[in-house]
Structures are given as structure tokens and as C-alpha cells.
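Next up, upload_9.cif (mmCIF, C-alpha atoms and all ligand atoms):
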```
data_structure
loop_
_atom_site.label_atom_id
_atom_site.label_comp_id
_atom_site.auth_asym_id
_atom_site.auth_seq_id
_atom_site.Cartn_x
_atom_site.Cartn_y
_atom_site.Cartn_z
CA MET A 1 -78.84 197.85 198.54
CA PRO A 2 -77.74 197.17 194.95
CA ARG A 3 -74.33 195.57 194.54
CA LYS A 4 -71.62 197.64 192.86
CA VAL A 5 -70.49 195.82 189.73
CA ILE A 6 -67.87 196.28 187.01
CA LEU A 7 -68.44 194.27 183.84
CA ASP A 8 -65.49 193.43 181.56
CA VAL A 9 -66.86 192.71 178.10
CA ASP A 10 -65.95 191.84 174.51
CA THR A 11 -69.36 192.95 173.19
CA GLY A 12 -70.52 190.60 171.39
CA SER A 13 -74.05 189.23 171.35
CA ASP A 14 -74.21 187.54 174.76
CA ASP A 15 -72.14 190.34 176.32
CA ALA A 16 -74.79 192.75 175.05
CA VAL A 17 -77.56 190.77 176.78
CA ALA A 18 -75.45 190.76 179.97
CA LEU A 19 -75.01 194.55 179.75
CA CYS A 20 -78.76 195.13 179.33
CA GLU A 21 -79.45 192.89 182.32
CA ALA A 22 -76.88 194.64 184.52
CA VAL A 23 -78.07 198.14 183.53
CA LEU A 24 -81.72 197.29 184.18
CA SER A 25 -81.50 195.16 187.33
CA PRO A 26 -82.49 196.94 190.56
CA ASP A 27 -80.01 194.67 192.37
CA ILE A 28 -76.99 195.98 190.48
CA GLU A 29 -75.29 199.36 190.34
CA LEU A 30 -73.12 199.16 187.23
CA VAL A 31 -70.24 201.50 188.02
CA ALA A 32 -68.27 200.96 184.80
CA ALA A 33 -67.65 198.68 181.86
CA CYS A 34 -64.16 197.68 180.79
CA THR A 35 -63.69 196.43 177.24
CA VAL A 36 -61.36 193.85 175.79
CA TRP A 37 -60.80 192.15 172.46
CA GLY A 38 -62.22 188.68 171.92
CA ASN A 39 -65.41 188.36 169.92
CA GLN A 40 -64.20 191.35 167.89
CA PRO A 41 -61.20 193.74 168.02
CA VAL A 42 -61.33 196.08 171.03
CA GLU A 43 -62.27 199.07 168.82
CA ASN A 44 -65.51 197.26 167.94
CA THR A 45 -66.24 195.85 171.39
CA THR A 46 -65.77 199.34 172.85
CA ASP A 47 -67.97 201.00 170.22
CA ASN A 48 -70.63 198.31 170.68
CA THR A 49 -70.62 198.87 174.44
CA LEU A 50 -70.88 202.65 174.02
CA ARG A 51 -73.72 202.46 171.50
CA LEU A 52 -75.63 200.07 173.75
CA PHE A 53 -75.33 202.41 176.76
CA ASP A 54 -76.44 205.25 174.49
CA ALA A 55 -79.46 203.21 173.34
CA LEU A 56 -80.35 202.33 176.94
CA GLY A 57 -80.01 205.99 177.94
CA VAL A 58 -77.46 205.41 180.71
CA ASP A 59 -74.24 207.21 181.41
CA VAL A 60 -71.98 204.37 182.54
CA PRO A 61 -68.27 205.10 181.88
CA VAL A 62 -66.47 202.76 179.47
CA TYR A 63 -62.75 202.01 179.86
CA LYS A 64 -61.08 200.59 176.78
CA GLY A 65 -58.73 197.72 177.48
CA ALA A 66 -56.40 195.25 175.83
CA ASN A 67 -56.49 194.31 172.17
CA THR A 68 -54.52 191.12 172.62
CA ALA A 69 -53.32 188.71 175.30
CA MET A 70 -50.67 189.42 177.93
CA THR A 71 -48.12 187.03 176.44
CA LYS A 72 -49.75 184.24 174.45
CA TYR A 73 -49.53 185.72 170.97
CA LEU A 74 -45.87 186.56 171.38
CA CYS A 75 -45.33 182.93 170.52
CA HIS A 76 -48.49 182.11 168.51
CA ASP A 77 -49.55 183.83 165.33
CA TYR A 78 -53.10 184.95 166.14
CA VAL A 79 -54.21 185.21 162.51
CA GLU A 80 -52.78 181.86 161.54
CA PHE A 81 -54.10 180.34 164.76
CA ASN A 82 -57.68 181.39 164.01
CA ALA A 83 -57.47 180.66 160.30
CA ASN A 84 -56.75 177.06 161.18
CA LYS A 85 -60.07 176.65 162.96
CA ILE A 86 -62.87 174.96 161.07
CA ARG A 87 -65.99 177.08 161.37
CA PRO A 88 -69.17 176.28 159.45
CA LYS A 89 -70.55 179.21 157.42
CA ALA A 90 -74.14 180.03 158.44
CA MET A 91 -76.35 181.55 155.74
CA LYS A 92 -79.84 182.98 156.34
CA ASP A 93 -81.91 184.51 153.52
CA GLY A 94 -78.76 184.66 151.38
CA LYS A 95 -76.74 186.53 154.00
CA GLU A 96 -73.98 185.23 156.26
CA VAL A 97 -74.94 185.23 159.96
CA HIS A 98 -72.36 185.47 162.75
CA MET A 99 -72.48 184.58 166.42
CA HIS A 100 -71.12 188.09 167.09
CA SER A 101 -71.55 190.77 164.43
CA ALA A 102 -68.95 193.53 164.11
CA HIS A 103 -71.53 196.19 165.03
CA LEU A 104 -74.59 195.73 167.22
CA PRO A 105 -77.84 196.39 165.32
CA ILE A 106 -78.51 199.75 166.97
CA ALA A 107 -77.77 203.36 166.06
CA PRO A 108 -74.11 204.48 166.05
CA THR A 109 -73.00 206.82 168.82
CA ASP A 110 -70.50 209.62 169.14
CA ARG A 111 -69.81 208.67 172.76
CA LYS A 112 -66.14 207.98 173.54
CA PRO A 113 -64.40 205.79 176.11
CA GLU A 114 -62.64 207.35 179.10
CA ASP A 115 -58.93 208.22 178.73
CA MET A 116 -57.66 205.78 181.35
CA PRO A 117 -56.90 202.23 180.10
CA ALA A 118 -59.05 199.50 181.66
CA ALA A 119 -56.25 197.82 183.64
CA CYS A 120 -55.28 201.19 185.20
CA PHE A 121 -58.93 201.91 185.98
CA TYR A 122 -59.18 198.66 187.99
CA VAL A 123 -56.17 199.65 190.10
CA ASP A 124 -57.28 203.23 190.60
CA TYR A 125 -60.93 202.46 191.30
CA LEU A 126 -60.39 199.46 193.58
CA ARG A 127 -57.63 201.14 195.59
CA HIS A 128 -59.95 204.05 196.34
CA ALA A 129 -63.21 202.11 196.70
CA THR A 130 -65.08 202.67 199.95
CA GLU A 131 -67.15 199.52 199.53
CA LYS A 132 -66.44 196.17 197.94
CA VAL A 133 -67.11 195.70 194.24
CA THR A 134 -68.13 192.60 192.28
CA LEU A 135 -66.26 192.03 189.03
CA ILE A 136 -67.89 190.16 186.14
CA PRO A 137 -65.31 189.50 183.42
CA VAL A 138 -67.03 187.85 180.44
CA GLY A 139 -64.26 188.09 177.85
CA PRO A 140 -60.54 187.24 177.90
CA LEU A 141 -59.16 188.09 181.35
CA THR A 142 -56.32 190.31 180.12
CA ASN A 143 -57.35 193.61 181.78
CA LEU A 144 -57.86 192.09 185.19
CA GLY A 145 -54.77 189.89 184.87
CA LEU A 146 -52.64 192.97 184.16
CA ALA A 147 -54.18 194.90 187.07
CA LEU A 148 -53.62 192.04 189.53
CA ARG A 149 -50.04 191.64 188.30
CA ILE A 150 -49.13 195.22 189.14
CA ALA A 151 -51.43 195.71 192.17
CA PRO A 152 -52.33 192.40 193.85
CA ASP A 153 -53.63 194.39 196.86
CA ILE A 154 -56.76 195.36 194.89
CA ILE A 155 -58.33 192.05 195.98
CA GLU A 156 -59.07 193.70 199.32
CA ASN A 157 -61.88 195.64 197.69
CA ILE A 158 -63.19 192.83 195.49
CA GLU A 159 -66.38 191.16 196.75
CA GLU A 160 -66.15 188.35 194.22
CA ILE A 161 -65.04 187.73 190.65
CA VAL A 162 -67.65 185.98 188.51
CA ILE A 163 -65.89 184.69 185.41
CA MET A 164 -67.61 183.52 182.25
CA GLY A 165 -65.10 181.00 181.11
CA GLY A 166 -63.76 177.50 181.10
CA GLY A 167 -65.38 174.14 180.86
CA SER A 168 -64.89 170.79 182.49
CA LYS A 169 -66.87 168.44 180.25
CA VAL A 170 -67.90 171.03 177.65
CA THR A 171 -65.48 173.09 175.52
CA ASN A 172 -65.78 175.22 172.40
CA ALA A 173 -62.50 176.80 171.25
CA ASP A 174 -60.36 173.67 171.24
CA PRO A 175 -61.10 170.09 172.25
CA TRP A 176 -59.86 171.10 175.70
CA SER A 177 -60.61 174.84 176.03
CA GLU A 178 -63.32 177.49 176.14
CA ALA A 179 -62.82 180.71 174.10
CA ASN A 180 -62.33 183.32 176.85
CA ILE A 181 -59.73 181.24 178.66
CA MET A 182 -58.10 180.02 175.45
CA HIS A 183 -57.51 183.64 174.39
CA ASP A 184 -55.43 184.55 177.45
CA PRO A 185 -54.57 181.57 179.64
CA GLU A 186 -51.85 183.39 181.60
CA ALA A 187 -54.24 186.16 182.60
CA ALA A 188 -56.88 183.57 183.57
CA GLN A 189 -54.38 181.74 185.76
CA ILE A 190 -53.42 184.99 187.52
CA VAL A 191 -57.10 185.64 188.28
CA ALA A 192 -57.69 182.02 189.37
CA GLU A 193 -54.91 182.30 191.93
CA CYS A 194 -55.44 185.90 193.05
CA GLY A 195 -56.95 185.08 196.45
CA ALA A 196 -60.33 186.77 195.97
CA ARG A 197 -63.51 184.68 195.90
CA VAL A 198 -63.65 183.41 192.29
CA VAL A 199 -66.81 181.92 190.81
CA TRP A 200 -66.47 180.18 187.44
CA VAL A 201 -69.50 180.09 185.16
CA PRO A 202 -68.21 177.63 182.56
CA LEU A 203 -69.81 176.03 179.51
CA ASP A 204 -71.00 173.13 181.69
CA ALA A 205 -73.50 175.54 183.28
CA THR A 206 -74.19 177.85 180.34
CA HIS A 207 -75.06 174.95 178.03
CA LYS A 208 -77.67 173.83 180.57
CA ALA A 209 -79.29 177.20 181.31
CA VAL A 210 -80.17 177.91 177.69
CA ILE A 211 -82.60 180.30 176.00
CA THR A 212 -85.11 178.87 173.49
CA LEU A 213 -87.11 180.39 170.65
CA ASP A 214 -90.17 180.29 172.93
CA ASP A 215 -88.26 182.35 175.49
CA CYS A 216 -87.47 184.86 172.74
CA LYS A 217 -91.20 185.11 171.99
CA ARG A 218 -91.76 185.89 175.65
CA PHE A 219 -89.10 188.63 175.46
CA ARG A 220 -90.77 190.12 172.37
CA GLU A 221 -94.15 190.18 174.14
CA ILE A 222 -92.60 192.47 176.79
CA GLY A 223 -92.03 194.88 173.90
CA THR A 224 -89.38 197.21 175.36
CA PHE A 225 -86.21 198.04 173.43
CA ALA A 226 -84.10 195.79 175.70
CA ALA A 227 -86.52 192.89 175.30
CA ASN A 228 -86.67 193.19 171.50
CA PHE A 229 -82.94 193.74 171.16
CA CYS A 230 -82.06 190.76 173.37
CA ALA A 231 -84.64 188.59 171.58
CA TYR A 232 -82.96 189.49 168.29
CA GLU A 233 -79.48 188.68 169.62
CA CYS A 234 -80.67 185.39 171.18
CA GLU A 235 -82.45 184.37 167.97
CA GLN A 236 -79.22 184.92 166.02
CA ARG A 237 -77.39 182.80 168.56
CA ILE A 238 -80.02 180.05 168.32
CA PHE A 239 -79.62 180.06 164.54
CA MET A 240 -75.84 179.70 164.90
CA HIS A 241 -76.16 176.93 167.48
CA ASP A 242 -78.60 175.06 165.23
CA VAL A 243 -76.16 175.28 162.30
CA GLY A 244 -72.93 174.33 164.00
CA GLN A 245 -73.28 173.58 167.68
CA PRO A 246 -76.70 172.07 168.45
CA LEU A 247 -77.55 171.79 172.13
CA ASP A 248 -79.63 169.18 174.01
CA ILE A 249 -82.77 171.34 173.89
CA PRO A 250 -83.76 171.89 170.23
CA HIS A 251 -83.61 175.50 168.92
CA SER A 252 -81.86 176.88 171.95
CA ALA A 253 -78.70 178.89 172.63
CA ALA A 254 -76.26 179.40 175.43
CA VAL A 255 -76.22 183.10 176.36
CA HIS A 256 -73.16 182.60 178.51
CA ASP A 257 -72.33 186.09 179.75
CA ALA A 258 -75.86 186.90 180.84
CA LEU A 259 -75.86 183.88 183.16
CA CYS A 260 -73.00 185.46 185.16
CA VAL A 261 -75.05 188.61 185.74
CA ALA A 262 -78.07 186.46 186.64
CA TYR A 263 -75.94 184.74 189.29
CA VAL A 264 -75.08 188.11 190.85
CA ILE A 265 -78.79 188.99 190.90
CA ASP A 266 -79.83 185.56 192.26
CA PRO A 267 -77.06 183.06 193.14
CA THR A 268 -79.53 180.14 193.13
CA VAL A 269 -79.62 180.32 189.31
CA LEU A 270 -76.42 178.23 189.45
CA THR A 271 -77.60 174.91 190.80
CA ASP A 272 -74.43 172.84 191.16
CA LEU A 273 -71.63 175.09 192.39
CA ARG A 274 -68.64 173.11 193.67
CA HIS A 275 -65.74 174.39 195.75
CA VAL A 276 -62.66 173.10 193.94
CA HIS A 277 -59.08 173.73 192.91
CA VAL A 278 -59.05 175.23 189.40
CA GLU A 279 -55.96 175.91 187.36
CA VAL A 280 -55.40 176.83 183.75
CA GLY A 281 -53.27 174.84 181.31
CA LEU A 282 -50.51 177.10 180.01
CA SER A 283 -48.83 175.25 177.15
CA GLY A 284 -49.24 172.73 174.37
CA TYR A 285 -52.27 170.50 174.27
CA GLY A 286 -54.29 171.62 177.24
CA GLU A 287 -53.36 175.30 176.81
CA GLY A 288 -56.34 177.29 178.09
CA GLN A 289 -57.98 174.26 179.68
CA THR A 290 -59.61 174.78 183.06
CA ILE A 291 -58.25 171.84 185.00
CA ILE A 292 -60.29 170.83 188.04
CA ASP A 293 -58.51 168.85 190.73
CA GLN A 294 -60.88 165.92 191.23
CA ARG A 295 -58.67 164.06 193.65
CA ALA A 296 -59.53 163.44 197.30
CA TYR A 297 -56.13 164.91 198.24
CA THR A 298 -56.79 168.01 196.16
CA ARG A 299 -54.57 171.07 195.82
CA PRO A 300 -55.91 174.02 197.87
CA LYS A 301 -59.42 174.97 196.78
CA ASN A 302 -59.30 178.37 195.09
CA GLY A 303 -62.64 178.75 193.33
CA TRP A 304 -66.26 177.78 192.84
CA PHE A 305 -67.06 176.00 189.58
CA ALA A 306 -70.65 175.74 188.30
CA TYR A 307 -71.83 172.54 186.66
CA ASP A 308 -75.50 173.33 186.17
CA GLY A 309 -77.97 176.18 185.95
CA ASP A 310 -81.73 176.70 186.23
CA ARG A 311 -82.83 177.89 182.79
CA PHE A 312 -86.36 178.82 183.92
CA LYS A 313 -85.05 181.03 186.70
CA PHE A 314 -82.57 182.57 184.25
CA VAL A 315 -85.34 183.50 181.79
CA ASP A 316 -87.47 184.97 184.60
CA ILE A 317 -84.55 187.13 185.74
CA LEU A 318 -84.04 188.42 182.19
CA CYS A 319 -87.75 189.19 181.77
CA ASP A 320 -87.84 191.11 185.06
CA CYS A 321 -84.93 193.25 183.83
CA PHE A 322 -86.31 193.82 180.32
CA LYS A 323 -89.67 195.02 181.73
CA ARG A 324 -87.92 197.91 183.46
CA ASP A 325 -86.47 199.43 180.28
CA LYS A 326 -87.81 202.89 179.39
CA SER A 327 -85.60 203.50 176.35
CA THR A 328 -87.09 204.56 173.02
CA ALA A 329 -84.25 203.10 170.94
CA LYS A 330 -84.96 200.75 168.07
CA VAL A 331 -83.31 197.58 166.84
CA ILE A 332 -82.03 197.98 163.29
CA GLU A 333 -82.72 194.47 161.99
CA GLU A 334 -80.72 193.60 158.86
C1 LIG A 401 -67.60 183.13 175.61
O1 LIG A 401 -66.85 183.49 174.45
C2 LIG A 401 -67.45 184.59 173.81
O2 LIG A 401 -67.55 184.33 172.44
C3 LIG A 401 -68.79 184.80 174.44
O3 LIG A 401 -69.12 186.17 174.48
C4 LIG A 401 -68.63 184.22 175.81
O4 LIG A 401 -68.11 185.17 176.71
C5 LIG A 401 -68.18 181.75 175.41
O5 LIG A 401 -67.17 180.81 175.17
CA CA A 402 -68.04 187.54 176.05
#
```
Represent the structure from my file as C-alpha cells, please.
Amino acid sequence: MPRKVILDVDTGSDDAVALCEAVLSPDIELVAACTVWGNQPVENTTDNTLRLFDALGVDVPVYKGANTAMTKYLCHDYVEFNANKIRPKAMKDGKEVHMHSAHLPIAPTDRKPEDMPAACFYVDYLRHATEKVTLIPVGPLTNLGLALRIAPDIIENIEEIVIMGGGSKVTNADPWSEANIMHDPEAAQIVAECGARVVWVPLDATHKAVITLDDCKRFREIGTFAANFCAYECEQRIFMHDVGQPLDIPHSAAVHDALCVAYVIDPTVLTDLRHVHVEVGLSGYGEGQTIIDQRAYTRPKNGWFAYDGDRFKFVDILCDCFKRDKSTAKVIEE
């Protein structure tokens, strides 16, 4: 029996790979996608999600969610905050390349999101669910944080929450934080403490289970739309990693969000999953940090935190999904 899943995405290159994987896996029934800002404003992440479902030929409903954090940017200026970050410019053939382009390289769609906001959808759907649902939030946790704030009882129908976010030894947004958690620490802390089974897929794991250029070649040999599209997105990510964030394996990229979906398909893809107390730093230096209680006399354990992943198994899972695609869509390479 496939597992019912809701993905919460800020699509985004690695979100797009995660969506393809979830749509195509026989082990997953994707009941909806919620969208959130993060990699791009929510208008773009929603449109990207809709055009990808259109390209894949599936009719999964999309619920548009938050365009900013629950509270954080009431006291931080978002624009100023991001402008202060030092990001290397990556140029390829005279053009600037981004980790996440504003629009996915596929045909536009006239599909629209559902009327109900994402946070309300969580409450409505989970309160009426007749079987448990797995949630895979791979962007800022705002939608789910809001839903849990107003309806904490929804955890009764949550099988598990698989979060792409955080980092113990590896960070990317600040010296102490990963992007998804940095964007909305309060929401992340609400989810961390909600009482459902929470699995964290942090940078420690996603930087181990990487995708290489050779893996992209393997995707392209499969030849379906999903395989070509995901190869293109992964190649862009590899280029960006090479320019500004090189990983241990040369010419490789973390494709974070897709590793969460791979875990739902086959939990053994995460190879060092530790039961720990996780909490999120909420102010000053350390804001957005996932703090793991390492002490023997730890605070109550509230989550599972992954430290490693099996990159070969991950690639096999992706290939199995890509082979199943029957879409006739095309990648519009720039
Ligand atoms: C996370 O941040 C986003 O940019 C990616 O899509 C991923 O979810 C990695 O830090
Ligand atoms: Ca994401």
C-alpha cells in the first residue's frame, strides 16, 4: 500500500526533484503539495509547482501558503538581512546561474492553486483523514507551524514528519544555521516539539548522499522527461556547488529535498539516524540553529536526526522513479 504524503515545498531546484520522485514512486500517494516562500517568493514557488505537475501530467492539488515567516521578520528586515549575505556570482557561458531559478525550465501553465490557504488545508485535511499521513516539509516550516499552533490535535493523523532542515556540523545560511530553519525558527521549534514522530534530514546527511555528474549521465540515459529535467537541475546545482560550496566528492551536489522523499520510500537510505533532543535557537547568534542535546542527561528525546546517507541507494531510488515517467513534456534549456 503506498503511503499518503503531503509535500510542503519552496520549488526550487531540489524541491522539483523531490516532487518528481514523489509523483513517480509506486510507494507514495501524493495527496497534495503545499507551497511556501523560501528559495523564491511564494508566487513563484507555487507557479513552479503547478507547472511541474502539469508537465508530469498529474492532477495533484496545490495549496498556496505563507510568503514570510510567522514572526521573525517583524523584527528583522528581510531585504537588508539577505543583502548582507556574501554570495559568489556564478557565470556560465556569459550568463548568471542560480541554485534556484525564478521559473523552472518547463512550459508555463494556466493551472491555479486551490482557494484554501496551506495552513488551513493541513487542519482541514488532517482532522478528516481516515488514515495517517506522512508530511515532508522541505522549505521553511511556516505553514505547518501555523497549523499546529491553531490545531495541535492534527498530530493524531500524522504518521511522521520528515523535515529537510538543520545541521549539526554542517550549515549553509549562517555559521550556525541551515536555510529552511533560519527562515522561520519559531515555526521549526513548534514542529520540533509537536509530539509527532519527527525525522530531521539535515545538511550532515544531505552533504554525504550527493549526486555527481556521472549520476546525471545515468539519469539522461533513462531519457524520460523526469530524468532529463532532474539531470538538468542537478547539473545546475553541481555547477553552483563547484563555484561556491565545493563538497568532498568533486563535481557533486546535495539535492537535499529529494533525500527526504527517498527516506520515505526506503528508510535505510539514511544510515546514521540518532534519537535525540533537538531544539531550535530563537534569538541572536544561534538563531535558527538546530541544537542537539549531546549530554548523557539529555532533555527528553523528541526527534530523529540523520548524520549520514547512502548516496548509491539514493541514486538508485531516483532512477527507479524516473524510469516510470510517461510524460511527453520537454525541458526548455536556456
Ligand atoms: C534547503 O534550502 C533550500 O534552498 C533547498 O531547497 C533546501 O530545502 C537546503 O538548505
Ligand atoms: Ca526546499
Contacts with ligand LIG 401 (chain A) at most 10 Å, all atoms listed in the file counted, listed as a short mmCIF file (atom, residue, chain, number, x, y, z; two decimals) with C-alpha atoms, in the frame of the given file:
```
data_model
loop_
_atom_site.label_atom_id
_atom_site.label_comp_id
_atom_site.auth_asym_id
_atom_site.auth_seq_id
_atom_site.Cartn_x
_atom_site.Cartn_y
_atom_site.Cartn_z
CA ASP A 8 -65.49 193.43 181.56
CA VAL A 9 -66.86 192.71 178.10
CA ASP A 10 -65.95 191.84 174.51
CA THR A 11 -69.36 192.95 173.19
CA GLY A 12 -70.52 190.60 171.39
CA SER A 13 -74.05 189.23 171.35
CA ASP A 14 -74.21 187.54 174.76
CA ASP A 15 -72.14 190.34 176.32
CA ALA A 16 -74.79 192.75 175.05
CA VAL A 17 -77.56 190.77 176.78
CA ALA A 18 -75.45 190.76 179.97
CA GLY A 38 -62.22 188.68 171.92
CA ASN A 39 -65.41 188.36 169.92
CA GLN A 40 -64.20 191.35 167.89
CA MET A 99 -72.48 184.58 166.42
CA HIS A 100 -71.12 188.09 167.09
CA PRO A 137 -65.31 189.50 183.42
CA VAL A 138 -67.03 187.85 180.44
CA GLY A 139 -64.26 188.09 177.85
CA PRO A 140 -60.54 187.24 177.90
CA ILE A 163 -65.89 184.69 185.41
CA MET A 164 -67.61 183.52 182.25
CA GLY A 165 -65.10 181.00 181.11
CA GLY A 166 -63.76 177.50 181.10
CA GLY A 167 -65.38 174.14 180.86
CA THR A 171 -65.48 173.09 175.52
CA ASN A 172 -65.78 175.22 172.40
CA ALA A 173 -62.50 176.80 171.25
CA SER A 177 -60.61 174.84 176.03
CA GLU A 178 -63.32 177.49 176.14
CA ALA A 179 -62.82 180.71 174.10
CA ASN A 180 -62.33 183.32 176.85
CA ILE A 181 -59.73 181.24 178.66
CA MET A 182 -58.10 180.02 175.45
CA HIS A 183 -57.51 183.64 174.39
CA VAL A 201 -69.50 180.09 185.16
CA PRO A 202 -68.21 177.63 182.56
CA LEU A 203 -69.81 176.03 179.51
CA THR A 206 -74.19 177.85 180.34
CA ALA A 254 -76.26 179.40 175.43
CA VAL A 255 -76.22 183.10 176.36
CA HIS A 256 -73.16 182.60 178.51
CA ASP A 257 -72.33 186.09 179.75
CA ALA A 258 -75.86 186.90 180.84
CA CYS A 260 -73.00 185.46 185.16
#
```
Review point. Closest to A:Pro267 among A:Cys230, A:Pro250, A:His241, A:Val162, using only C-alpha atoms?
Key: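 That would be A:Val162, the residue with the smallest distance to A:Pro267.
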Review point. Residues at most 9 Å from A:Ala22, counting all atoms listed in the file, excluding those fewer than 6 positions away in the same chain, as a list in words?
Key: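 Within the cut-off, the hits are Val5, Leu7, Ile28, Glu29, Leu30, Ala258, Val261, Ala262, Ile265 and Cys321 of chain A.
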Practice item. For each of A:Ser283, A:Ala66, A:Leu141, A:Cys20, take the minimum atom-to-atom distance to ligand CA 402 (chain A), counting only C-alpha atoms and all ligand atoms, then give the residue where this is smallest. Key: A:Leu141
Study note, to complete from the structure: Of A:Leu19, A:Lys112, A:Lys208, A:Lys4, the one sitting nearest ligand CA 402 (chain A) when using only C-alpha atoms and all ligand atoms is A:Leu19
Review point. So what do you get for atom CA of A:Leu24 versus atom CA of A:Ile222, distance-wise?
Key: 14.0 Å
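When atom CA of A:Val210 is paired with atom CA of A:Gln289, their separation reads 22.6 Å.
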